[in-house]
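A quick write-up on the structure given underneath.
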Amino acid sequence: KACLFVLQTCSCNSLAAMGGKCCAGEGVKDGQDGQTAALSATAPLTEEEVVNPVATVATEGKEKKSKRKKEFRVHLKKTEGGPRLGVDVDLSDGDHLLVDKVNDGLVMQWNKANPDKEVRPNDKVMEVNGIKGDAAQMTETCKNQYDLELLILRE
């Protein structure tokens, strides 16, 4: 088992990685006022102490890499009388638009032309033309603007 990161607390209650120094410049020591969660470099690692960001999970004989966050930009150009955006979104979180469904329209055309930046259900629209943090305002921008730049977050 490989331990990529071991986090320890020091007397100032900050975290130090892999035996680093605390913010006060003192070294991390074992048994320090009960606050230090230090591990000896030679101590065997237990399951809880292993942090591996590229963990794999076996499912029915196939291995899947753990999901990572991915951000990308989508550029759409609406035209008068042209196709609609073709995306159903949920505004309930208030700070982003959650993609429920991709229908016929500009987003589906984008997906066909840009398979590496395909918009999918459960993607989050985090920004529309520089507007972020306000789902209602982002929705209005999508309705009223012809040139759209969307920042998509996939988790």
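Ligands are numbered from 1 in the order shown, residues from 1 within each chain, and chains are lettered A, B, ... in the order they appear in the structure tokens.
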task: May I have the residues within 6 Å of Ile152 in chain A as a PyMOL selection string, using only C-alpha atoms and disregarding those fewer than 5 positions away in the same chain?
output: chain A and resi 71-72+124-126
With N, CA and C atoms retained, write the just-selected residues as a PDB file, in the first residue's frame.
ATOM      1  N   GLU A  71     -13.692  20.753 -15.543  1.00  0.00           N
ATOM      2  CA  GLU A  71     -14.315  22.010 -15.972  1.00  0.00           C
ATOM      3  C   GLU A  71     -13.987  22.244 -17.438  1.00  0.00           C
ATOM      4  N   PHE A  72     -14.974  22.751 -18.171  1.00  0.00           N
ATOM      5  CA  PHE A  72     -14.733  23.112 -19.562  1.00  0.00           C
ATOM      6  C   PHE A  72     -15.734  24.173 -19.977  1.00  0.00           C
ATOM      7  N   LYS A 124     -22.995  20.642 -14.037  1.00  0.00           N
ATOM      8  CA  LYS A 124     -23.412  21.915 -13.437  1.00  0.00           C
ATOM      9  C   LYS A 124     -22.943  23.067 -14.319  1.00  0.00           C
ATOM     10  N   VAL A 125     -23.857  23.975 -14.646  1.00  0.00           N
ATOM     11  CA  VAL A 125     -23.488  25.202 -15.343  1.00  0.00           C
ATOM     12  C   VAL A 125     -23.152  26.195 -14.236  1.00  0.00           C
ATOM     13  N   MET A 126     -21.874  26.513 -14.109  1.00  0.00           N
ATOM     14  CA  MET A 126     -21.397  27.353 -13.014  1.00  0.00           C
ATOM     15  C   MET A 126     -21.366  28.835 -13.383  1.00  0.00           C
TER      16      MET A 126
END
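Counting only C-alpha atoms, Leu91 in chain A has the following residues at most 9 Å away, ignoring those fewer than 4 positions along the same chain: A:Asp95, A:His96, A:Leu97, A:Leu98, A:Ala135, A:Ala136, A:Thr139.
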message: Using only C-alpha atoms, which protein or nucleic acid residues come within 8 Å of Lys101 in chain A? Drop anything in the same chain fewer than 2 positions from it, and give the result as a PyMOL selection string.
response: chain A and resi 87-89+99+103+120-121
